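This is query.csv. It holds CSV, C-alpha atoms and all ligand atoms.
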chain,number,residue,atom,x,y,z
A,131,MET,CA,-13.9,-18.5,8.3
A,132,THR,CA,-13.2,-14.9,7.2
A,133,PHE,CA,-10.5,-12.7,8.6
A,134,PRO,CA,-10.1,-10.7,10.7
A,135,ASP,CA,-12.1,-12.3,13.5
A,136,ASN,CA,-14.5,-10.3,15.7
A,137,ASN,CA,-11.6,-9.0,17.8
A,138,GLY,CA,-9.7,-7.8,14.8
A,139,TYR,CA,-7.2,-10.7,14.6
A,140,PHE,CA,-5.8,-12.5,11.6
A,141,GLY,CA,-4.7,-15.6,13.5
A,142,ASN,CA,-2.2,-14.3,16.1
A,143,TYR,CA,-1.8,-10.9,14.4
A,144,GLY,CA,-3.5,-7.6,14.4
A,145,GLY,CA,-5.6,-6.4,17.3
A,146,ARG,CA,-6.2,-2.9,18.7
A,147,PHE,CA,-3.2,-1.7,20.9
A,148,VAL,CA,-4.2,1.9,21.3
A,149,PRO,CA,-5.0,4.4,24.1
A,150,GLU,CA,-8.4,4.1,25.8
A,151,THR,CA,-9.6,7.3,24.1
A,152,LEU,CA,-9.4,5.7,20.7
A,153,ILE,CA,-11.0,2.4,21.4
A,154,ASN,CA,-14.5,3.8,21.1
A,155,ALA,CA,-13.6,5.6,17.9
A,156,LEU,CA,-12.4,2.4,16.4
A,157,ILE,CA,-15.5,0.5,17.4
A,158,GLU,CA,-17.7,3.3,15.9
A,159,LEU,CA,-15.6,3.2,12.7
A,160,GLU,CA,-16.1,-0.5,12.4
A,161,GLU,CA,-19.8,-0.2,12.9
A,162,ALA,CA,-20.1,2.7,10.4
A,163,TYR,CA,-18.1,0.7,7.9
A,164,ARG,CA,-20.5,-2.2,8.1
A,165,TYR,CA,-23.4,0.1,7.4
A,166,PHE,CA,-21.5,1.7,4.6
A,167,LEU,CA,-21.0,-1.7,2.9
A,168,GLN,CA,-24.7,-2.3,3.0
A,169,ASP,CA,-25.7,1.1,1.8
A,170,ALA,CA,-26.5,0.7,-1.9
A,171,SER,CA,-26.3,4.4,-2.7
A,172,MET,CA,-22.8,4.7,-1.1
A,173,GLN,CA,-21.6,1.6,-3.0
A,174,HIS,CA,-23.0,3.1,-6.2
A,175,GLU,CA,-21.2,6.4,-5.6
A,176,LEU,CA,-17.9,4.7,-4.8
A,177,ASN,CA,-18.1,2.6,-8.0
A,178,ASP,CA,-19.1,5.6,-10.0
A,179,LEU,CA,-16.1,7.6,-8.7
A,180,LEU,CA,-13.7,4.7,-9.2
A,181,HIS,CA,-14.8,4.5,-12.8
A,182,HIS,CA,-15.2,8.2,-13.9
A,183,PHE,CA,-12.9,10.0,-11.5
A,184,ALA,CA,-10.1,7.5,-10.9
A,185,GLY,CA,-10.2,5.6,-14.2
A,186,ARG,CA,-11.0,2.1,-13.3
A,187,PRO,CA,-10.8,-0.6,-14.5
A,188,THR,CA,-7.1,-0.3,-15.0
A,189,PRO,CA,-5.7,-2.4,-17.9
A,190,LEU,CA,-4.1,-5.7,-17.6
A,191,TYR,CA,-1.2,-5.3,-20.1
A,192,PHE,CA,0.7,-8.2,-21.7
A,193,ALA,CA,4.3,-7.0,-21.8
A,194,ARG,CA,5.2,-8.6,-25.2
A,195,GLY,CA,8.7,-7.3,-25.5
A,196,LEU,CA,9.8,-8.2,-22.0
A,197,SER,CA,8.1,-11.6,-22.3
A,198,GLU,CA,10.0,-12.4,-25.5
A,199,GLN,CA,13.2,-11.3,-23.9
A,200,THR,CA,12.8,-13.4,-20.7
A,201,GLY,CA,10.7,-16.4,-21.8
A,202,ILE,CA,8.2,-15.6,-19.1
A,203,MET,CA,4.6,-14.6,-19.9
A,204,LEU,CA,4.6,-11.3,-18.1
A,205,TYR,CA,1.4,-9.3,-17.5
A,206,LEU,CA,1.3,-5.9,-15.7
A,207,LYS,CA,-1.7,-4.7,-13.7
A,208,ARG,CA,-1.6,-1.0,-14.5
A,209,GLU,CA,-2.3,0.8,-11.2
A,210,ASP,CA,0.2,3.3,-12.5
A,211,LEU,CA,-2.5,4.6,-14.8
A,212,LEU,CA,-4.9,5.3,-11.9
A,213,HIS,CA,-5.5,9.0,-11.2
A,214,THR,CA,-2.7,10.5,-9.0
A,215,GLY,CA,-0.4,7.7,-10.3
A,216,ALA,CA,-0.7,4.9,-7.9
A,217,HIS,CA,-3.1,2.4,-6.2
A,218,LYS,CA,-3.5,4.7,-3.2
A,219,LEU,CA,-6.6,6.4,-4.6
A,220,ASN,CA,-8.7,3.2,-4.3
A,221,ASN,CA,-8.4,3.4,-0.5
A,222,THR,CA,-8.6,7.2,-0.1
A,223,LEU,CA,-11.8,7.4,-2.2
A,224,GLY,CA,-13.4,4.7,-0.1
A,225,GLN,CA,-12.4,6.2,3.2
A,226,ALA,CA,-13.3,9.8,2.2
A,227,LEU,CA,-16.9,8.6,1.3
A,228,LEU,CA,-16.9,6.8,4.6
A,229,THR,CA,-15.9,10.0,6.4
A,230,ARG,CA,-18.8,11.9,4.9
A,231,PHE,CA,-21.1,8.9,5.7
A,232,MET,CA,-20.0,9.3,9.4
A,233,GLY,CA,-20.8,13.0,9.3
A,234,LYS,CA,-17.2,14.0,9.9
A,235,LYS,CA,-15.8,17.1,8.0
A,236,ARG,CA,-12.0,16.7,8.6
A,237,ILE,CA,-9.5,14.1,7.6
A,238,ILE,CA,-5.9,13.7,8.7
A,239,ALA,CA,-3.3,11.3,7.3
A,240,GLU,CA,0.3,10.4,7.5
A,241,THR,CA,2.6,10.2,4.5
A,242,GLY,CA,6.1,9.1,3.7
A,243,ALA,CA,6.9,9.4,0.1
A,244,GLY,CA,3.9,11.8,-0.2
A,245,GLN,CA,1.8,9.5,-2.5
A,246,HIS,CA,-0.8,8.8,0.2
A,247,GLY,CA,-0.7,12.5,1.2
A,248,VAL,CA,-1.5,13.5,-2.4
A,249,ALA,CA,-4.2,10.8,-2.8
A,250,THR,CA,-5.8,12.0,0.5
A,251,ALA,CA,-5.6,15.7,-0.4
A,252,THR,CA,-7.1,14.8,-3.7
A,253,VAL,CA,-10.3,13.2,-2.3
A,254,ALA,CA,-10.5,16.0,0.3
A,255,ALA,CA,-10.6,18.6,-2.5
A,256,LEU,CA,-13.2,16.4,-4.3
A,257,LEU,CA,-15.6,16.0,-1.4
A,258,GLY,CA,-14.9,19.4,0.3
A,259,LEU,CA,-13.3,18.0,3.5
A,260,GLU,CA,-10.7,19.8,5.6
A,261,CYS,CA,-7.4,18.0,5.3
A,262,THR,CA,-4.2,17.9,7.4
A,263,ILE,CA,-1.2,15.8,6.4
A,264,TYR,CA,1.6,14.8,8.8
A,265,MET,CA,4.9,14.3,7.1
A,266,GLY,CA,8.5,13.8,8.5
A,267,GLU,CA,10.8,16.8,7.9
A,268,VAL,CA,13.3,14.5,6.2
A,269,ASP,CA,10.6,13.2,3.8
A,270,ILE,CA,9.4,16.8,3.1
A,271,GLU,CA,12.9,17.6,1.8
A,272,ARG,CA,13.1,14.4,-0.2
A,273,GLN,CA,9.6,14.6,-1.8
A,274,MET,CA,9.1,18.3,-2.5
A,275,PRO,CA,7.0,17.9,-5.7
A,276,ASN,CA,4.4,15.9,-3.7
A,277,VAL,CA,4.4,18.5,-0.9
A,278,LYS,CA,3.6,21.2,-3.4
A,279,ARG,CA,0.9,19.1,-4.9
A,280,MET,CA,-0.8,18.6,-1.5
A,281,LYS,CA,-0.6,22.3,-0.8
A,282,LEU,CA,-2.0,23.2,-4.2
A,283,LEU,CA,-4.9,20.8,-3.5
A,284,GLY,CA,-5.7,22.8,-0.3
A,285,ALA,CA,-4.2,20.5,2.4
A,286,GLU,CA,-2.2,21.7,5.4
A,287,VAL,CA,1.2,19.9,5.5
A,288,VAL,CA,2.6,19.6,9.1
A,289,PRO,CA,6.3,18.9,9.3
A,290,VAL,CA,7.1,16.2,12.0
A,291,THR,CA,10.4,16.9,13.8
A,292,SER,CA,10.5,14.1,16.3
A,293,GLY,CA,12.5,10.8,16.1
A,294,SER,CA,13.9,9.9,12.7
A,295,ARG,CA,11.6,12.6,11.1
A,296,THR,CA,10.2,10.0,8.7
A,297,LEU,CA,7.0,8.0,8.2
A,298,LYS,CA,7.0,6.1,11.5
A,299,ASP,CA,7.1,9.5,13.4
A,300,ALA,CA,4.5,11.0,11.1
A,301,ILE,CA,2.1,8.1,12.1
A,302,ASN,CA,2.7,8.8,15.8
A,303,GLU,CA,1.9,12.5,15.3
A,304,ALA,CA,-1.3,11.7,13.3
A,305,LEU,CA,-2.4,9.3,16.1
A,306,ARG,CA,-1.8,12.1,18.6
A,307,ASP,CA,-3.9,14.5,16.6
A,308,TRP,CA,-6.7,11.9,16.4
A,309,VAL,CA,-6.8,11.4,20.1
A,310,ARG,CA,-7.5,15.1,20.5
A,311,THR,CA,-10.0,15.5,17.6
A,312,VAL,CA,-11.7,12.1,17.2
A,313,ARG,CA,-15.2,13.5,17.4
A,314,THR,CA,-14.9,15.6,14.2
A,315,THR,CA,-12.0,13.9,12.5
A,316,HIS,CA,-11.4,10.7,10.6
A,317,TYR,CA,-7.9,9.3,10.5
A,318,LEU,CA,-7.5,8.2,6.8
A,319,LEU,CA,-4.8,5.6,7.3
A,320,GLY,CA,-2.9,4.7,4.2
A,321,SER,CA,-1.9,1.0,4.4
A,322,VAL,CA,-3.2,-2.3,5.7
A,323,SER,CA,-1.5,-1.5,9.1
A,324,GLY,CA,-2.6,0.1,12.3
A,325,PRO,CA,-5.3,-1.0,14.7
A,326,HIS,CA,-8.4,-2.9,13.8
A,327,PRO,CA,-10.5,-2.2,11.7
A,328,PHE,CA,-8.0,-0.3,9.5
A,329,PRO,CA,-6.2,-3.4,8.1
A,330,MET,CA,-9.6,-4.8,7.0
A,331,ILE,CA,-11.0,-1.6,5.6
A,332,VAL,CA,-7.9,-0.7,3.5
A,333,ARG,CA,-7.6,-4.3,2.2
A,334,ASP,CA,-11.3,-4.3,1.2
A,335,PHE,CA,-11.0,-1.0,-0.7
A,336,GLN,CA,-7.9,-2.3,-2.5
A,337,LYS,CA,-9.5,-5.7,-3.3
A,338,VAL,CA,-10.7,-4.2,-6.6
A,339,ILE,CA,-7.1,-4.7,-8.0
A,340,GLY,CA,-7.1,-8.5,-7.6
A,341,ASN,CA,-10.8,-8.9,-8.5
A,342,GLU,CA,-10.2,-7.0,-11.8
A,343,ALA,CA,-6.9,-8.8,-12.5
A,344,LEU,CA,-8.5,-12.2,-12.0
A,345,GLN,CA,-11.3,-11.5,-14.3
A,346,GLN,CA,-9.1,-9.8,-17.0
A,347,PHE,CA,-6.6,-12.7,-16.9
A,348,SER,CA,-9.2,-15.4,-17.2
A,349,THR,CA,-11.0,-13.5,-20.1
A,350,ILE,CA,-7.7,-13.4,-22.0
A,351,THR,CA,-6.4,-16.9,-21.2
A,352,GLY,CA,-9.2,-18.9,-19.8
A,353,LYS,CA,-7.0,-19.8,-16.9
A,354,LEU,CA,-5.5,-18.6,-13.6
A,355,PRO,CA,-2.0,-17.1,-13.6
A,356,ASP,CA,0.9,-19.2,-12.2
A,357,PHE,CA,2.2,-16.3,-10.1
A,358,CYS,CA,1.0,-13.0,-8.7
A,359,ILE,CA,3.8,-10.7,-7.5
A,360,ALA,CA,3.6,-7.4,-5.7
A,361,CYS,CA,5.9,-5.1,-3.7
A,362,ILE,CA,5.4,-4.7,0.0
A,363,GLY,CA,5.7,-1.5,2.1
A,364,GLY,CA,2.8,-1.5,4.6
A,365,GLY,CA,1.3,-4.1,2.3
A,366,SER,CA,-1.9,-2.6,0.8
A,367,ASN,CA,-1.3,-3.0,-2.9
A,368,ALA,CA,-0.2,-6.6,-2.3
A,369,ALA,CA,-3.1,-7.4,0.1
A,370,GLY,CA,-5.7,-6.1,-2.4
A,371,PHE,CA,-4.1,-7.9,-5.3
A,372,PHE,CA,-3.5,-11.2,-3.6
A,373,HIS,CA,-6.9,-11.5,-2.0
A,374,ALA,CA,-8.6,-12.8,-5.1
A,375,PHE,CA,-5.9,-15.5,-5.6
A,376,ILE,CA,-5.1,-16.5,-2.1
A,377,ASN,CA,-7.2,-19.8,-2.0
A,378,THR,CA,-6.5,-20.7,-5.6
A,379,THR,CA,-3.6,-22.5,-7.3
A,380,THR,CA,-1.9,-19.2,-8.1
A,381,GLN,CA,1.3,-18.7,-6.1
A,382,CYS,CA,1.5,-15.2,-4.5
A,383,ILE,CA,4.9,-13.6,-3.8
A,384,GLY,CA,5.4,-10.4,-1.8
A,385,VAL,CA,8.6,-8.6,-2.4
A,386,GLU,CA,10.1,-6.4,0.4
A,387,ALA,CA,12.8,-3.7,0.0
A,388,GLY,CA,16.1,-5.4,0.5
A,389,GLY,CA,17.8,-2.0,0.4
A,390,LYS,CA,21.5,-2.1,0.2
A,391,GLY,CA,21.6,-5.5,1.9
A,392,LEU,CA,20.1,-7.5,4.8
A,393,TYR,CA,22.2,-5.8,7.6
A,394,PRO,CA,20.6,-3.7,10.4
A,395,GLY,CA,19.4,-0.4,9.0
A,396,GLY,CA,20.1,-1.4,5.4
A,397,HIS,CA,16.6,-2.6,4.4
A,398,CYS,CA,12.9,-2.7,5.2
A,399,ALA,CA,12.3,-6.4,5.1
A,400,SER,CA,10.0,-6.8,8.1
A,401,LEU,CA,8.6,-10.2,7.0
A,402,THR,CA,11.9,-11.6,5.7
A,403,SER,CA,14.0,-10.7,8.8
A,404,GLY,CA,11.8,-9.2,11.5
A,405,LYS,CA,9.9,-10.8,14.4
A,406,PRO,CA,6.5,-10.2,15.9
A,407,GLY,CA,6.0,-7.0,17.9
A,408,ILE,CA,3.6,-4.1,18.3
A,409,LEU,CA,3.8,-0.9,16.3
A,410,HIS,CA,1.1,1.7,15.7
A,411,GLY,CA,-1.6,-0.3,17.3
A,412,ALA,CA,-1.1,-3.7,15.7
A,413,LEU,CA,0.8,-6.9,16.4
A,414,SER,CA,2.7,-7.9,13.3
A,415,TYR,CA,6.2,-8.7,12.0
A,416,LEU,CA,8.4,-5.8,12.9
A,417,LEU,CA,12.1,-4.8,12.5
A,418,GLN,CA,13.4,-4.5,16.0
A,419,ASN,CA,16.7,-4.9,17.7
A,420,ASP,CA,17.3,-7.3,20.6
A,421,ASP,CA,16.0,-4.8,23.1
A,422,GLY,CA,12.7,-4.5,21.2
A,423,GLN,CA,13.5,-1.0,19.8
A,424,VAL,CA,12.1,-0.4,16.4
A,425,MET,CA,14.9,-0.1,13.8
A,426,ASP,CA,15.5,2.6,11.3
A,427,VAL,CA,14.9,1.4,7.8
A,428,HIS,CA,16.3,2.1,4.4
A,429,SER,CA,15.2,1.7,0.8
A,430,ILE,CA,15.8,3.6,-2.4
A,431,SER,CA,12.0,4.0,-2.7
A,432,ALA,CA,10.6,6.1,0.1
A,433,GLY,CA,7.2,4.3,-0.3
A,434,LEU,CA,8.7,1.1,1.1
A,435,ASP,CA,10.4,2.7,4.1
A,436,TYR,CA,8.3,1.2,6.9
A,437,PRO,CA,9.6,-1.0,9.7
A,438,ALA,CA,6.4,-3.1,10.1
A,439,VAL,CA,3.9,-4.7,7.8
A,440,GLY,CA,0.1,-5.3,7.8
A,441,PRO,CA,-1.0,-8.1,10.2
A,442,GLU,CA,-2.7,-10.1,7.5
A,443,HIS,CA,0.6,-10.6,5.7
A,444,SER,CA,2.1,-11.9,9.0
A,445,PHE,CA,-0.8,-14.4,9.1
A,446,TRP,CA,-0.3,-15.4,5.4
A,447,LYS,CA,3.5,-15.8,6.0
A,448,ASP,CA,3.0,-18.2,9.0
A,449,GLY,CA,0.4,-20.1,7.1
A,450,ASN,CA,2.5,-20.4,4.0
A,451,LYS,CA,-0.2,-18.8,1.9
A,452,VAL,CA,2.2,-16.2,0.4
A,453,THR,CA,5.9,-16.4,-0.1
A,454,TYR,CA,7.9,-13.3,1.1
A,455,THR,CA,11.2,-12.3,-0.3
A,456,THR,CA,13.4,-9.3,-1.1
A,457,CYS,CA,14.8,-7.3,-3.9
A,458,SER,CA,17.8,-4.9,-3.5
A,459,ASP,CA,17.9,-1.2,-4.4
A,460,LYS,CA,20.2,-2.0,-7.3
A,461,GLN,CA,18.1,-4.8,-8.7
A,462,ALA,CA,15.0,-2.6,-8.5
A,463,LEU,CA,16.8,0.2,-10.4
A,464,ASN,CA,17.9,-2.2,-13.1
A,465,ALA,CA,14.3,-3.5,-13.5
A,466,CYS,CA,13.1,0.1,-13.7
A,467,ILE,CA,15.4,0.9,-16.6
A,468,THR,CA,14.7,-2.4,-18.3
A,469,LEU,CA,10.9,-1.9,-18.2
A,470,THR,CA,11.3,1.7,-19.3
A,471,ARG,CA,13.5,0.8,-22.3
A,472,THR,CA,11.6,-2.3,-23.3
A,473,GLU,CA,8.0,-1.4,-22.9
A,474,GLY,CA,8.0,2.4,-22.7
A,475,ILE,CA,6.6,2.4,-19.1
A,476,ILE,CA,8.5,4.2,-16.3
A,477,PRO,CA,7.5,2.3,-13.1
A,478,ALA,CA,7.7,3.6,-9.6
A,479,LEU,CA,10.7,2.4,-7.7
A,480,GLU,CA,8.4,0.6,-5.3
A,481,SER,CA,6.8,-1.4,-8.1
A,482,SER,CA,10.3,-2.0,-9.6
A,483,HIS,CA,11.0,-4.3,-6.7
A,484,ALA,CA,8.4,-6.7,-7.8
A,485,LEU,CA,9.7,-6.8,-11.3
A,486,GLY,CA,13.3,-6.8,-10.1
A,487,TYR,CA,12.7,-10.0,-8.2
A,488,VAL,CA,11.3,-11.7,-11.3
A,489,LEU,CA,14.1,-10.6,-13.5
A,490,GLU,CA,16.8,-11.6,-11.0
A,491,ASN,CA,15.2,-15.0,-10.6
A,492,ARG,CA,14.2,-15.5,-14.2
A,493,ASP,CA,15.0,-19.3,-14.2
A,494,SER,CA,12.3,-20.0,-11.6
A,495,PHE,CA,9.7,-18.3,-13.9
A,496,VAL,CA,10.5,-19.3,-17.5
A,497,GLY,CA,7.5,-20.7,-19.2
A,498,ALA,CA,5.1,-19.5,-16.5
A,499,SER,CA,2.5,-16.8,-16.6
A,500,VAL,CA,3.1,-14.0,-14.1
A,501,ILE,CA,1.0,-11.0,-13.2
A,502,ILE,CA,3.0,-8.1,-11.6
A,503,ASN,CA,1.1,-5.4,-9.9
A,504,LEU,CA,2.6,-2.2,-11.2
A,505,SER,CA,1.5,-0.2,-8.2
A,506,GLY,CA,2.5,3.2,-9.4
A,507,ARG,CA,4.3,5.3,-12.0
A,508,GLY,CA,7.9,6.5,-11.7
A,509,ASP,CA,7.6,10.3,-12.4
A,510,LYS,CA,8.1,11.0,-8.7
A,511,ASP,CA,11.3,9.1,-8.8
A,512,LEU,CA,13.0,10.7,-11.8
A,513,ASP,CA,15.7,12.5,-9.7
A,514,THR,CA,16.6,9.4,-7.8
A,515,ILE,CA,16.7,7.3,-11.0
A,516,LEU,CA,18.7,9.7,-13.0
A,517,LYS,CA,21.2,10.3,-10.2
A,518,GLU,CA,21.9,6.6,-9.9
A,519,VAL,CA,22.2,5.7,-13.6
A,520,ASN,CA,24.1,8.7,-14.9
A,521,ILE,CA,22.0,9.2,-18.1
A,601,LIG,C1,2.8,3.6,-1.2
A,601,LIG,C2,3.2,2.8,-2.3
A,601,LIG,C3,3.6,1.5,-2.1
A,601,LIG,C4,3.7,0.8,-0.8
A,601,LIG,O1,2.6,0.8,-0.1
A,601,LIG,P1,1.7,-0.6,0.1
A,601,LIG,O2,0.8,-0.3,1.3
A,601,LIG,O3,2.7,-1.7,0.5
A,601,LIG,O4,1.1,-0.9,-1.1
A,601,LIG,C5,4.0,0.8,-3.3
A,601,LIG,N1,4.0,1.3,-4.5
A,601,LIG,C6,3.6,2.6,-4.7
A,601,LIG,C7,3.6,3.2,-6.1
A,601,LIG,C8,3.2,3.4,-3.6
A,601,LIG,O5,2.9,4.7,-3.8
Just dump the structure as structure tokens.
Amino acid sequence: MTFPDNNGYFGNYGGRFVPETLINALIELEEAYRYFLQDASMQHELNDLLHHFAGRPTPLYFARGLSEQTGIMLYLKREDLLHTGAHKLNNTLGQALLTRFMGKKRIIAETGAGQHGVATATVAALLGLECTIYMGEVDIERQMPNVKRMKLLGAEVVPVTSGSRTLKDAINEALRDWVRTVRTTHYLLGSVSGPHPFPMIVRDFQKVIGNEALQQFSTITGKLPDFCIACIGGGSNAAGFFHAFINTTTQCIGVEAGGKGLYPGGHCASLTSGKPGILHGALSYLLQNDDGQVMDVHSISAGLDYPAVGPEHSFWKDGNKVTYTTCSDKQALNACITLTRTEGIIPALESSHALGYVLENRDSFVGASVIINLSGRGDKDLDTILKEVNI
């Protein structure tokens, strides 16, 4: 049995909780996507762009220094080396080609930290698509370099002033745009969240991470890794990475942002301390108060600031296929500095959560082989990092 099922469910999670006007668009999208998968020239073009434009395959790097220091055999899957500096481009390249395949000329997207906005604006420039990015006013202030990048690439950036003026509100605004413009416009959703078929499509385009890592690791060692570890915002880099390992002996661990601590408003740990509910068209684990109101979230890394998580992760959690845990702001920062000073790699603060969990729980991993998905590079976080560590 493969998931999602025909109705877009991963066990109890997922579905399509959207206004009537969007149901047809989602059905059309799913159909177009199935043709896209069977179209040899489309698949060839995607693979060609992933190779020559994006820079795949990304290396699997054995972190010798950090391994010697910790007694863990630590490997890093280097998505930070992908064009635009994070795994996001795997998905935006795929969906941009799908947009053209569907005969649409405009894409819209939401962005929080701006990474998905930049990856979307990049493929829009590449394929000559019109591009509008919705971004909360608060995030626009926090992430100005990425806003400038998007504008330089030719995208229109629309400030969102409703609600908490962050990612969750930007998604609402993008969905509103899509209801009005669905005939000409594709909503290029950025994570494994939202209504069916998005969680499936985004996961599929990100599966290249795990497929490559599995092959690279077995070429080097002749074995499977003991652990695969990734950070979780909406869950796309983790889903794409874990998928190749999910029915093997490898243990997968997803690390959510523990923020300043597990008190209300202090973190983004939907799977660790949320409960099932509906947000942005899908049923999944969600941070909500006793009245069912979606909670405000906090993390030092804007890319993990999302109160829900993709439905497949909820399914994996309930089925004990993946372990979900947290790493705090401080632990992530420490890991970021450690990797920078030991290996000469400045990781994104999002990715630092995955490494932070391993370093904080070193005893559980000593002697084991661990692949950490280094989802992105830390250049965008320099101000935050330097402010916190007083260098
Ligand atoms: C966006 C982002 C994330 C979080 O998104 P997922 O959908 O959970 O992968 C993690 N790391 C980096 C570098 C990002 O840009």
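Checking A:Asn491, A:Ser323, A:Ser294, A:Thr222 one by one against ligand LIG 601 (chain A), counting only C-alpha atoms and all ligand atoms, you find the shortest gap at A:Ser323.
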For chain A versus ligand LIG 601 (chain A), which residues have an atom no more than 7 Å away, and what is each residue's nearest atom pair and distance in Å rounded to one decimal, using only C-alpha atoms and all ligand atoms, chain-then-number order, as CSV?
residue,atom,partner,partner_atom,distance
A:Ala216,CA,A:LIG601,C7,5.0
A:His217,CA,A:LIG601,C7,6.7
A:Lys218,CA,A:LIG601,O5,6.4
A:Gln245,CA,A:LIG601,O5,5.1
A:His246,CA,A:LIG601,C1,6.5
A:Gly320,CA,A:LIG601,O2,6.9
A:Ser321,CA,A:LIG601,O2,4.3
A:Val322,CA,A:LIG601,O2,6.3
A:Cys361,CA,A:LIG601,C5,6.2
A:Ile362,CA,A:LIG601,O3,4.1
A:Gly363,CA,A:LIG601,O3,3.4
A:Gly364,CA,A:LIG601,O2,4.0
A:Gly365,CA,A:LIG601,O3,3.3
A:Ser366,CA,A:LIG601,O2,3.6
A:Asn367,CA,A:LIG601,O4,3.7
A:Ala368,CA,A:LIG601,O4,6.0
A:Gly433,CA,A:LIG601,C1,4.5
A:Leu434,CA,A:LIG601,C4,5.4
A:Ala478,CA,A:LIG601,C7,5.4
A:Glu480,CA,A:LIG601,N1,4.5
A:Ser481,CA,A:LIG601,N1,5.3
A:Ser505,CA,A:LIG601,C7,4.5
A:Gly506,CA,A:LIG601,C7,3.5
A:Arg507,CA,A:LIG601,C7,6.3
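Comparing A:Arg186, A:Arg208, A:Lys460, A:His316 by their smallest distance to Lys234 of chain A, the closest is A:His316 (using only C-alpha atoms).
The space between atom CA of Leu416 of chain A and atom CA of Thr456 of chain A spans 15.3 Å.
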*Taking into account only C-alpha atoms, which residue in the set A:Glu160, A:Glu286, A:Glu240, A:Asp448 is nearest to Asn137 of chain A?*
A:Glu160
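Note that the spacing between atom CA of Val519 of chain A and atom CA of Gln273 of chain A amounts to 19.4 Å.
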So that I can check the surroundings of Thr252 of chain A, please list as a compact mmCIF listing (two decimals) with C-alpha atoms, keeping the file's coordinate frame every protein, DNA and RNA residue that reaches within 8 Å of it, counting all atoms listed in the file and ignoring chain neighbours fewer than 3 positions away.
# COMPACT_ATOMS: atom_id res chain seq x y z
CA VAL A 248 -1.50 13.50 -2.40
CA ALA A 249 -4.20 10.80 -2.80
CA ALA A 255 -10.60 18.60 -2.50
CA LEU A 256 -13.20 16.40 -4.30
CA MET A 280 -0.80 18.60 -1.50
CA LEU A 283 -4.90 20.80 -3.50
_From A:Thr455, A:Ser444, A:Thr468, A:Thr314, residue lying nearest Ala155 of chain A [all atoms listed in the file]_ = A:Thr314
*What is the atom CA of Leu190 of chain A-atom CA of Thr349 of chain A distance in Å, reported with one decimal?*
10.7 Å
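Of the residues under consideration (A:Asn377, A:Thr214, A:Gln336, A:Thr453), A:Thr214 shows the shortest atom-to-atom contact distance to Lys510 of chain A when counting only C-alpha atoms.
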Report as an mmCIF file with C-alpha atoms, in the frame of the given file all protein, DNA and RNA residues lying within 10 Å of Gln173 of chain A, evaluated on all atoms listed in the file, omitting residues in the same chain fewer than 6 positions from it.
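Saved to result.cif:
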data_model
loop_
_atom_site.group_PDB
_atom_site.id
_atom_site.type_symbol
_atom_site.label_atom_id
_atom_site.label_comp_id
_atom_site.auth_asym_id
_atom_site.auth_seq_id
_atom_site.Cartn_x
_atom_site.Cartn_y
_atom_site.Cartn_z
ATOM 1 C CA PHE A 166 -21.500 1.700 4.600
ATOM 2 C CA LEU A 167 -21.000 -1.700 2.900
ATOM 3 C CA LEU A 179 -16.100 7.600 -8.700
ATOM 4 C CA GLY A 224 -13.400 4.700 -0.100
ATOM 5 C CA LEU A 227 -16.900 8.600 1.300
#
Using all atoms listed in the file, tabulate the residues of segment 331-357 of chain A lying at most 9 Å from any atom of segment 381-401 of chain A, each with its closest atom pair and that distance in Å to one decimal, by chain and increasing residue number, as a tab-separated table.
residue	atom	partner	partner_atom	distance
A:Pro355	CA	A:Gln381	CA	8.3
A:Asp356	CA	A:Gln381	CA	6.1
A:Phe357	CA	A:Gln381	CA	4.8
Please rebuild segment 312-317 of chain A with N, CA, C and O atoms and return the result as a CSV table (one decimal), keeping the file's coordinate frame.
chain,number,residue,atom,x,y,z
A,312,VAL,N,-11.0,13.3,17.7
A,312,VAL,CA,-11.7,12.1,17.2
A,312,VAL,C,-13.2,12.4,16.9
A,312,VAL,O,-13.7,11.7,16.0
A,313,ARG,N,-13.8,13.3,17.6
A,313,ARG,CA,-15.2,13.5,17.4
A,313,ARG,C,-15.5,14.1,16.0
A,313,ARG,O,-16.6,13.8,15.4
A,314,THR,N,-14.6,14.9,15.5
A,314,THR,CA,-14.9,15.6,14.2
A,314,THR,C,-14.0,15.1,13.1
A,314,THR,O,-14.2,15.5,11.9
A,315,THR,N,-13.0,14.3,13.4
A,315,THR,CA,-12.0,13.9,12.5
A,315,THR,C,-11.9,12.5,12.2
A,315,THR,O,-12.0,11.6,13.1
A,316,HIS,N,-11.7,12.1,10.9
A,316,HIS,CA,-11.4,10.7,10.6
A,316,HIS,C,-9.9,10.6,10.2
A,316,HIS,O,-9.4,11.4,9.5
A,317,TYR,N,-9.2,9.6,10.8
A,317,TYR,CA,-7.9,9.3,10.5
A,317,TYR,C,-7.9,8.4,9.2
A,317,TYR,O,-8.2,7.3,9.3
